[in-house]
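Comments concern the structure below.
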Amino acid sequence: MPEAVLLGGEQTTTAVEWVVFIIAATTTLLGSFGVIMARNPVHAALSLVGSLFSVAVLFLNQGAEFLAAVQVIVYTGAIVILILFVLMLLGIDTEEDLEDEPLRGQMPVAVGIGVLLTASVFALTQLVGFDVVTGTPEVTAAIRDDMPNINQIGRLLFTDFVVATQLAGVMLTVAVVGAVVMARRPREYQPIPEPESMDAPLSLDPTDQGADNGAEVAD
Amino acid sequence: MRQIDLGYLMLSGLVFAIGAVGVLIRRNPLVLVMCVELMLNAVNLTFVTFGRAMNDMAGQVIVFFVLVIAAAEVVVGLGIIVAMKRRQPAATADDVSVLRG
């Protein structure tokens, strides 16, 4: 184990940082509770927006400006809107009865697990305290104040993390293709017909397309 | 490491626990996706906090990758939910048992 380093002892926290932290932490927690308590999924999605936006404020509070912007653009701007679109399009914005539990005792067990998780993190931070972060600082690159945040991230993305960046690009492409394949309306649910002989080509005649369109209109 | 960093860690632990409880108690698949997003966000917050405590930029770069993964995950997950709802309009997370996997 590398020698434990007590880090950043000289850093100070301004009063503004504390105030912003307390406000944003409160709204984060309220939004998170809203996500799991709201009966209506649309309300849950809107609570999620509040929670994610507060986390963006916390990123800003910690000097991660680029991440704060990306958080708002990608999460609250794209992901939650996508979820809301699916909610509206599928018409499944039905209320959920949280009291009804098909699996008896599931809810208390779940809450117990949550309390245990929270208690373990709290115990770790309270008992270990400031020694909770150990290791060698500034392994990859030190955070610099004389350079914009986005420049430092971009530099790392195309030097130390270039393989990961390219893999992320491949994965995004795969995800887009997979989403298109899965969300496409399937043709009729019928077994694939056996060809009469190997000479018979697969059916590509336009009447199939017509039937498919008809089904779509009927829906 | 400062006092406020412990606050960030406790907050993210709390948010992660809330997301985990949500995954366990909710049955609407879309709400499950939202709870997973909540858990991912809690982890992002720890990455940024640890990155700053270690004075290392890699924490923020990893959060960037987590954002990419989360976007792809939501796209694929919603595709699965749309396909599932098309066949079984009343499906909830409890109906996973019919898969008999």
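Quick note on naming: the chains in the structure tokens go A, B, ... in the order shown, residues restart at 1 in each chain, and ligands are numbered from 1 in order of appearance.
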Residues near Gly50 of chain A, anyone? I mean within 8 Å using only C-alpha atoms, not counting same-chain ones fewer than 6 positions away, as an MDAnalysis selection string. chainID A and resid 27:28 31
Can I get the residues of chain B within 8 Å of chain A, each with the closest pair of atoms and their distance in Å to one decimal, using only C-alpha atoms, sorted chain first then ascending number, as CSV?
residue,atom,partner,partner_atom,distance
B:Met1,CA,A:Gly8,CA,5.2
B:Arg2,CA,A:Gly9,CA,7.0
B:Gln3,CA,A:Phe130,CA,7.8
B:Ile4,CA,A:Trp18,CA,7.2
B:Leu6,CA,A:Thr125,CA,6.2
B:Leu9,CA,A:Thr125,CA,7.5
B:Met10,CA,A:Phe122,CA,5.9
B:Leu11,CA,A:Ala25,CA,6.8
B:Gly13,CA,A:Val121,CA,5.8
B:Leu14,CA,A:Thr118,CA,5.4
B:Val15,CA,A:Ser32,CA,6.6
B:Ala17,CA,A:Gly114,CA,4.8
B:Ile18,CA,A:Gly114,CA,6.6
B:Gly19,CA,A:Ser32,CA,7.3
B:Ala20,CA,A:Gly114,CA,6.7
B:Val21,CA,A:Ala110,CA,5.5
B:Gly22,CA,A:Ile36,CA,5.0
B:Leu24,CA,A:Ala110,CA,5.8
B:Ile25,CA,A:Met107,CA,5.8
B:Arg26,CA,A:Ile36,CA,7.1
B:Asn28,CA,A:Glu96,CA,7.7
B:Leu30,CA,A:Ile83,CA,7.1
B:Val31,CA,A:Pro41,CA,6.4
B:Met34,CA,A:Leu48,CA,7.1
B:Cys35,CA,A:Val35,CA,7.2
B:Leu38,CA,A:Ser32,CA,7.1
B:Asn41,CA,A:Leu52,CA,7.4
B:Leu45,CA,A:Phe59,CA,7.4
B:Val48,CA,A:Phe59,CA,7.3
B:Thr49,CA,A:Gln62,CA,7.4
B:Phe50,CA,A:Val133,CA,7.3
B:Arg52,CA,A:Gln62,CA,7.5
B:Ala53,CA,A:Leu7,CA,6.5
B:Met54,CA,A:Pro137,CA,4.7
B:Asn55,CA,A:Ala142,CA,5.5
B:Asp56,CA,A:Glu138,CA,4.7
B:Met57,CA,A:Ile143,CA,5.4
B:Ala58,CA,A:Thr140,CA,6.1
B:Gln60,CA,A:Ala64,CA,7.2
B:Val61,CA,A:Ile153,CA,6.0
B:Val63,CA,A:Leu67,CA,7.7
B:Phe64,CA,A:Leu67,CA,7.0
B:Phe65,CA,A:Ala168,CA,7.3
B:Leu67,CA,A:Val74,CA,7.7
B:Val68,CA,A:Ala168,CA,7.0
B:Ile69,CA,A:Ala168,CA,7.6
B:Ala71,CA,A:Ile79,CA,6.7
B:Ala72,CA,A:Ala175,CA,5.5
B:Glu73,CA,A:Ala175,CA,7.6
B:Val74,CA,A:Ile79,CA,7.0
B:Val75,CA,A:Ala179,CA,6.2
B:Val76,CA,A:Ala179,CA,5.1
B:Leu78,CA,A:Val86,CA,7.4
B:Gly79,CA,A:Ala183,CA,5.0
B:Ile80,CA,A:Met182,CA,6.3
B:Val82,CA,A:Ala183,CA,6.3
B:Ala83,CA,A:Ala183,CA,5.8
B:Lys85,CA,A:Leu90,CA,7.6
Computed gap from atom CA of Ser12 of chain B to atom CA of Ser54 of chain A is 12.0 Å
For Asp94 of chain B, the closest of B:Leu32, B:Ala70, B:Ile62, B:Met39 counting only C-alpha atoms is B:Leu32
